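Everything below concerns the one structure shown next.
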Amino acid sequence: MENNWPIWEIFIRSKNGLNHKHVGSLHATDAEMAMQNARDVYTRRNEGISIWVVESKHISASDPDEGESLFDPANDKVYRHPTFYNLPDELKHM
Amino acid sequence: MANHLHDFLIHLGDNALILGHRLSELTSHGPVLEQDMAMTNIALDLVGQTRNIFQVAAKLQGNGATEDSIAYTRDATSYKNILLVEQKNGDFAKTVLRQFFYDAFNYHAYQRLLKSSNKDIAAIAEKAIKEITYHLKWSAEWVIRLGDGTEESNSRINAAIDDLWPYTEEMFKFTDYELACHDEGIFPDIHGIKAEWDEEVKNIFAEATLTVPEDGWMHDGGKRGVHSEHLGFLLAEMQFLQRAYPGQQW
């Protein structure tokens, strides 16, 4: 069967307090079907407690050809990482 | 041994087992990957429900009976599933409609089993009802999509209605063992199910622009062990391994 259904990007939140994370994509005719399909394809093994679906055409992506100008300038700016502070020992998970 | 309770458990388990097996035949043959997964998930839910039910039946039966011996070593006349669930998959419309008719019944039946006087059955129902609620949502939505879809999908679901409608009444033709369970509160308010099923079908069909058929001649017999010719073929495949290699495990 030919499949002309639009593609949807699926985001799953694995537990409360965490972000929704992109897990993959699938085909569906509308948001409701995308939600059901996401449930059936991506949450079979207890992966999530919340689903977001977004039709792929609504996502704007950065251009890979612009990668150098977008991302390379951050390479030599280590001072942007907060690694030069001395943290007290009691402070965990920083 | 309370025979009516055992018969009722076998009936409940067989409904889930046979429909689960039918759906499992479609694994890797679904129309699209996403629906292939959906049907496989439902098949797994149903086989899981069967296991829970047959474990209780096996305990009741004693004599070394197990969930496997009940599932795999009976002949067709001992199966008590409704005829609807053994009907062949046909096209996607028929698979979906068979599921919808069953889910709509099952949903309202299991709502009652939640309040069963039998603690084992109430516990099984509590676990199963969440799955069944999703199954009904899935199948009802597809009936609407196909009915209110294209000319092709509409004609296919209408053909499925012609095929399957005569198998619907059996669900409400209660057997002696169901009525005995009803009297003991194991299957409460059995007679209220039909009105709720009718309402469910009426609403979904209306949304799907489909017409609920007039009741004509209806099949029955499955619950008493009188089956259509399809069940034998299904069992031949489903039971092959346990028949050829008794006690085989993996």
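Identifiers in this document derive from the order of the structure tokens: chains are assigned A, B, ..., residues are numbered from 1 separately in each chain, and ligands are numbered from 1 in order of occurrence.
Near Glu55 of chain A, within 9 Å and counting only C-alpha atoms, sit Pro6, Ile7, Trp8, Glu9, Ile10, Asp30, Ala31, Ala34 and Ile59 of chain A, not including residues fewer than 4 positions from it in the same chain.
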### Message
Within 12 Å of chain B, which residues belong to chain A? Use only C-alpha atoms and report them as a PyMOL selection string.
### Response
chain A and resi 1-5+7-8+25-30+32-45
Would you save the residues from that selection as a PDB file, in the first residue's frame, using N, CA and C atoms?
ATOM      1  N   MET A   1       0.847  -1.199   0.000  1.00  0.00           N
ATOM      2  CA  MET A   1       0.000   0.000   0.000  1.00  0.00           C
ATOM      3  C   MET A   1       0.883   1.251   0.000  1.00  0.00           C
ATOM      4  N   GLU A   2       0.517   2.177  -0.852  1.00  0.00           N
ATOM      5  CA  GLU A   2       1.286   3.418  -0.902  1.00  0.00           C
ATOM      6  C   GLU A   2       0.914   4.274   0.307  1.00  0.00           C
ATOM      7  N   ASN A   3       1.904   4.864   0.900  1.00  0.00           N
ATOM      8  CA  ASN A   3       1.647   5.601   2.122  1.00  0.00           C
ATOM      9  C   ASN A   3       1.970   7.075   1.914  1.00  0.00           C
ATOM     10  N   ASN A   4       0.910   7.866   1.780  1.00  0.00           N
ATOM     11  CA  ASN A   4       1.115   9.300   1.573  1.00  0.00           C
ATOM     12  C   ASN A   4       0.810  10.104   2.822  1.00  0.00           C
ATOM     13  N   TRP A   5       0.699   9.412   3.945  1.00  0.00           N
ATOM     14  CA  TRP A   5       0.385  10.141   5.162  1.00  0.00           C
ATOM     15  C   TRP A   5       1.565  11.007   5.570  1.00  0.00           C
ATOM     16  N   ILE A   7       4.383  12.966   7.861  1.00  0.00           N
ATOM     17  CA  ILE A   7       5.270  12.495   8.922  1.00  0.00           C
ATOM     18  C   ILE A   7       5.138  13.391  10.155  1.00  0.00           C
ATOM     19  N   TRP A   8       5.184  12.760  11.304  1.00  0.00           N
ATOM     20  CA  TRP A   8       5.100  13.479  12.589  1.00  0.00           C
ATOM     21  C   TRP A   8       6.335  13.161  13.429  1.00  0.00           C
ATOM     22  N   SER A  25      10.068   9.367  14.573  1.00  0.00           N
ATOM     23  CA  SER A  25       8.978   9.908  13.777  1.00  0.00           C
ATOM     24  C   SER A  25       8.076   8.774  13.307  1.00  0.00           C
ATOM     25  N   LEU A  26       6.916   9.122  12.798  1.00  0.00           N
ATOM     26  CA  LEU A  26       5.997   8.120  12.261  1.00  0.00           C
ATOM     27  C   LEU A  26       5.004   8.786  11.315  1.00  0.00           C
ATOM     28  N   HIS A  27       4.204   7.960  10.630  1.00  0.00           N
ATOM     29  CA  HIS A  27       3.190   8.467   9.710  1.00  0.00           C
ATOM     30  C   HIS A  27       1.822   8.485  10.387  1.00  0.00           C
ATOM     31  N   ALA A  28       1.032   9.502  10.097  1.00  0.00           N
ATOM     32  CA  ALA A  28      -0.341   9.553  10.589  1.00  0.00           C
ATOM     33  C   ALA A  28      -1.084  10.623   9.797  1.00  0.00           C
ATOM     34  N   THR A  29      -2.417  10.471   9.719  1.00  0.00           N
ATOM     35  CA  THR A  29      -3.197  11.436   8.938  1.00  0.00           C
ATOM     36  C   THR A  29      -3.482  12.715   9.715  1.00  0.00           C
ATOM     37  N   ASP A  30      -3.521  12.624  11.035  1.00  0.00           N
ATOM     38  CA  ASP A  30      -3.790  13.819  11.833  1.00  0.00           C
ATOM     39  C   ASP A  30      -3.196  13.650  13.236  1.00  0.00           C
ATOM     40  N   GLU A  32      -4.476  13.311  16.192  1.00  0.00           N
ATOM     41  CA  GLU A  32      -5.016  12.280  17.074  1.00  0.00           C
ATOM     42  C   GLU A  32      -4.459  10.899  16.718  1.00  0.00           C
ATOM     43  N   MET A  33      -4.394  10.628  15.402  1.00  0.00           N
ATOM     44  CA  MET A  33      -3.836   9.337  14.991  1.00  0.00           C
ATOM     45  C   MET A  33      -2.345   9.279  15.314  1.00  0.00           C
ATOM     46  N   ALA A  34      -1.667  10.421  15.175  1.00  0.00           N
ATOM     47  CA  ALA A  34      -0.237  10.458  15.496  1.00  0.00           C
ATOM     48  C   ALA A  34      -0.018  10.115  16.969  1.00  0.00           C
ATOM     49  N   MET A  35      -0.914  10.625  17.807  1.00  0.00           N
ATOM     50  CA  MET A  35      -0.817  10.372  19.249  1.00  0.00           C
ATOM     51  C   MET A  35      -1.003   8.886  19.545  1.00  0.00           C
ATOM     52  N   GLN A  36      -2.025   8.294  18.930  1.00  0.00           N
ATOM     53  CA  GLN A  36      -2.270   6.852  19.149  1.00  0.00           C
ATOM     54  C   GLN A  36      -1.121   6.022  18.600  1.00  0.00           C
ATOM     55  N   ASN A  37      -0.653   6.394  17.405  1.00  0.00           N
ATOM     56  CA  ASN A  37       0.449   5.630  16.824  1.00  0.00           C
ATOM     57  C   ASN A  37       1.704   5.736  17.691  1.00  0.00           C
ATOM     58  N   ALA A  38       1.920   6.935  18.237  1.00  0.00           N
ATOM     59  CA  ALA A  38       3.092   7.134  19.096  1.00  0.00           C
ATOM     60  C   ALA A  38       2.994   6.260  20.336  1.00  0.00           C
ATOM     61  N   ARG A  39       1.789   6.188  20.871  1.00  0.00           N
ATOM     62  CA  ARG A  39       1.566   5.323  22.039  1.00  0.00           C
ATOM     63  C   ARG A  39       1.911   3.879  21.683  1.00  0.00           C
ATOM     64  N   ASP A  40       1.471   3.443  20.495  1.00  0.00           N
ATOM     65  CA  ASP A  40       1.667   2.043  20.122  1.00  0.00           C
ATOM     66  C   ASP A  40       3.100   1.733  19.688  1.00  0.00           C
ATOM     67  N   VAL A  41       3.771   2.722  19.115  1.00  0.00           N
ATOM     68  CA  VAL A  41       5.105   2.441  18.591  1.00  0.00           C
ATOM     69  C   VAL A  41       6.201   2.764  19.615  1.00  0.00           C
ATOM     70  N   TYR A  42       6.006   3.832  20.402  1.00  0.00           N
ATOM     71  CA  TYR A  42       7.113   4.326  21.225  1.00  0.00           C
ATOM     72  C   TYR A  42       6.935   4.184  22.740  1.00  0.00           C
ATOM     73  N   THR A  43       5.790   3.684  23.202  1.00  0.00           N
ATOM     74  CA  THR A  43       5.663   3.576  24.669  1.00  0.00           C
ATOM     75  C   THR A  43       5.316   2.151  25.095  1.00  0.00           C
ATOM     76  N   ARG A  44       5.724   1.164  24.298  1.00  0.00           N
ATOM     77  CA  ARG A  44       5.361  -0.229  24.581  1.00  0.00           C
ATOM     78  C   ARG A  44       6.112  -0.769  25.787  1.00  0.00           C
ATOM     79  N   ARG A  45       7.237  -0.155  26.105  1.00  0.00           N
ATOM     80  CA  ARG A  45       8.064  -0.692  27.191  1.00  0.00           C
ATOM     81  C   ARG A  45       8.186   0.323  28.328  1.00  0.00           C
TER      82      ARG A  45
END
### Residue contacts of Thr175 of chain B (12 Å, only C-alpha atoms) excluding same-chain residues fewer than 6 positions away, as a PyMOL selection string
chain B and resi 4+7-8+11+80-82+181-182+190+220-225
So that I can see what lies close to Ala140 of chain B, please list as a tab-separated table (two decimals) with N, CA, C and O atoms, in the first residue's frame the residues with an atom at most 7 Å from it, counting only C-alpha atoms and leaving out residues fewer than 4 positions away in the same chain.
chain	number	residue	atom	x	y	z
B	100	PHE	N	-14.13	-3.84	16.92
B	100	PHE	CA	-15.02	-2.84	17.53
B	100	PHE	C	-16.24	-3.50	18.17
B	100	PHE	O	-16.59	-3.18	19.32
B	136	LEU	N	-10.93	-0.24	22.63
B	136	LEU	CA	-12.20	0.32	22.13
B	136	LEU	C	-11.96	1.68	21.48
B	136	LEU	O	-12.54	1.99	20.44
B	144	ILE	N	-14.85	4.96	12.52
B	144	ILE	CA	-15.23	6.30	12.08
B	144	ILE	C	-14.41	6.73	10.86
B	144	ILE	O	-14.95	7.24	9.88
B	204	ILE	N	-21.18	5.55	17.45
B	204	ILE	CA	-20.00	5.48	16.58
B	204	ILE	C	-20.41	5.37	15.11
B	204	ILE	O	-19.83	6.03	14.25
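By chain and then residue number, the residues within 9 Å of Glu47 of chain A are Ile12, Arg13, Ser14 and Lys15 of chain A, counting only C-alpha atoms and disregarding those fewer than 6 positions away in sequence.
Using only C-alpha atoms, the nearest neighbour of Gly247 of chain B within the list B:Ala65, B:Ala76, B:Leu164, B:Leu46 is B:Ala65.
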Using backbone DSSP assignments, extract all alpha helix (DSSP H) residues from segment 13-93 of chain A; output them as a compact mmCIF listing (two decimals) with all heavy atoms, in the first residue's frame.
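Written out: states-v8.txt:
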# COMPACT_ATOMS: atom_id res chain seq x y z
N ALA A 31 -3.35 14.70 14.04
CA ALA A 31 -2.68 14.71 15.35
C ALA A 31 -3.18 13.57 16.25
O ALA A 31 -2.40 12.95 16.96
CB ALA A 31 -2.91 16.06 16.04
N GLU A 32 -4.48 13.31 16.19
CA GLU A 32 -5.02 12.28 17.07
C GLU A 32 -4.46 10.90 16.72
O GLU A 32 -4.10 10.11 17.59
CB GLU A 32 -6.54 12.28 16.98
CG GLU A 32 -7.17 11.42 18.05
CD GLU A 32 -8.65 11.75 18.23
OE1 GLU A 32 -9.12 12.74 17.63
OE2 GLU A 32 -9.31 11.03 18.97
N MET A 33 -4.39 10.63 15.40
CA MET A 33 -3.84 9.34 14.99
C MET A 33 -2.35 9.28 15.31
O MET A 33 -1.83 8.24 15.72
CB MET A 33 -4.05 9.10 13.50
CG MET A 33 -3.77 7.65 13.10
SD MET A 33 -3.55 7.39 11.33
CE MET A 33 -5.22 7.56 10.73
N ALA A 34 -1.67 10.42 15.18
CA ALA A 34 -0.24 10.46 15.50
C ALA A 34 -0.02 10.11 16.97
O ALA A 34 0.90 9.39 17.34
CB ALA A 34 0.34 11.83 15.17
N MET A 35 -0.91 10.62 17.81
CA MET A 35 -0.82 10.37 19.25
C MET A 35 -1.00 8.89 19.54
O MET A 35 -0.23 8.28 20.29
CB MET A 35 -1.92 11.19 19.94
CG MET A 35 -1.78 11.30 21.42
SD MET A 35 -0.46 12.41 21.85
CE MET A 35 -1.22 14.00 21.57
N GLN A 36 -2.03 8.29 18.93
CA GLN A 36 -2.27 6.85 19.15
C GLN A 36 -1.12 6.02 18.60
O GLN A 36 -0.67 5.07 19.24
CB GLN A 36 -3.56 6.42 18.45
CG GLN A 36 -4.80 6.79 19.23
CD GLN A 36 -6.03 6.03 18.74
OE1 GLN A 36 -5.94 5.11 17.94
NE2 GLN A 36 -7.19 6.42 19.23
N ASN A 37 -0.65 6.39 17.40
CA ASN A 37 0.45 5.63 16.82
C ASN A 37 1.70 5.74 17.69
O ASN A 37 2.44 4.77 17.87
CB ASN A 37 0.76 6.13 15.41
CG ASN A 37 -0.34 5.73 14.43
OD1 ASN A 37 -1.23 4.95 14.76
ND2 ASN A 37 -0.26 6.24 13.22
N ALA A 38 1.92 6.94 18.24
CA ALA A 38 3.09 7.13 19.10
C ALA A 38 2.99 6.26 20.34
O ALA A 38 3.97 5.64 20.76
CB ALA A 38 3.21 8.60 19.50
N ARG A 39 1.79 6.19 20.87
CA ARG A 39 1.57 5.32 22.04
C ARG A 39 1.91 3.88 21.68
O ARG A 39 2.55 3.16 22.45
CB ARG A 39 0.11 5.46 22.48
CG ARG A 39 -0.27 4.65 23.72
CD ARG A 39 -0.84 3.31 23.32
NE ARG A 39 -1.41 2.60 24.47
CZ ARG A 39 -1.74 1.32 24.44
NH1 ARG A 39 -1.53 0.61 23.35
NH2 ARG A 39 -2.26 0.74 25.48
N ASP A 40 1.47 3.44 20.50
CA ASP A 40 1.67 2.04 20.12
C ASP A 40 3.10 1.73 19.69
O ASP A 40 3.56 0.61 19.85
CB ASP A 40 0.70 1.67 19.00
CG ASP A 40 -0.70 1.38 19.55
OD1 ASP A 40 -0.77 0.76 20.62
OD2 ASP A 40 -1.69 1.77 18.93
N VAL A 41 3.77 2.72 19.11
CA VAL A 41 5.10 2.44 18.59
C VAL A 41 6.20 2.76 19.61
O VAL A 41 7.19 2.04 19.71
CB VAL A 41 5.34 3.24 17.28
CG1 VAL A 41 6.77 3.05 16.78
CG2 VAL A 41 4.35 2.80 16.20
N TYR A 42 6.01 3.83 20.40
CA TYR A 42 7.11 4.33 21.23
C TYR A 42 6.94 4.18 22.74
O TYR A 42 7.82 4.56 23.50
CB TYR A 42 7.40 5.79 20.90
CG TYR A 42 8.00 5.99 19.52
CD1 TYR A 42 7.29 6.65 18.52
CD2 TYR A 42 9.27 5.51 19.23
CE1 TYR A 42 7.84 6.82 17.25
CE2 TYR A 42 9.83 5.68 17.97
CZ TYR A 42 9.11 6.33 16.99
OH TYR A 42 9.66 6.50 15.75
N GLY A 67 26.94 24.99 9.44
CA GLY A 67 27.43 24.44 10.70
C GLY A 67 28.67 25.15 11.21
O GLY A 67 28.78 25.46 12.40
N GLU A 68 29.62 25.42 10.32
CA GLU A 68 30.88 26.04 10.75
C GLU A 68 30.65 27.40 11.37
O GLU A 68 31.17 27.71 12.44
CB GLU A 68 31.84 26.16 9.56
CG GLU A 68 32.42 24.83 9.15
CD GLU A 68 33.46 24.98 8.03
OE1 GLU A 68 33.82 26.13 7.70
OE2 GLU A 68 33.87 23.94 7.50
N SER A 69 29.88 28.23 10.67
CA SER A 69 29.69 29.58 11.19
C SER A 69 28.81 29.59 12.43
O SER A 69 28.94 30.45 13.30
CB SER A 69 29.10 30.49 10.11
OG SER A 69 27.85 29.99 9.69
N LEU A 70 27.87 28.63 12.52
CA LEU A 70 26.98 28.61 13.68
C LEU A 70 27.67 28.08 14.94
O LEU A 70 27.53 28.64 16.02
CB LEU A 70 25.75 27.74 13.40
CG LEU A 70 24.70 28.30 12.45
CD1 LEU A 70 23.61 27.25 12.20
CD2 LEU A 70 24.04 29.56 13.04
N PHE A 71 28.43 26.99 14.77
CA PHE A 71 28.85 26.27 15.98
C PHE A 71 30.35 26.34 16.29
O PHE A 71 30.76 26.28 17.43
CB PHE A 71 28.41 24.81 15.90
CG PHE A 71 26.93 24.69 15.61
CD1 PHE A 71 26.47 24.07 14.46
CD2 PHE A 71 26.00 25.22 16.49
CE1 PHE A 71 25.11 23.98 14.20
CE2 PHE A 71 24.64 25.14 16.23
CZ PHE A 71 24.19 24.51 15.08
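Across the structure, atom CA of Glu151 of chain B and atom CA of Lys88 of chain B are spaced 23.5 Å apart.
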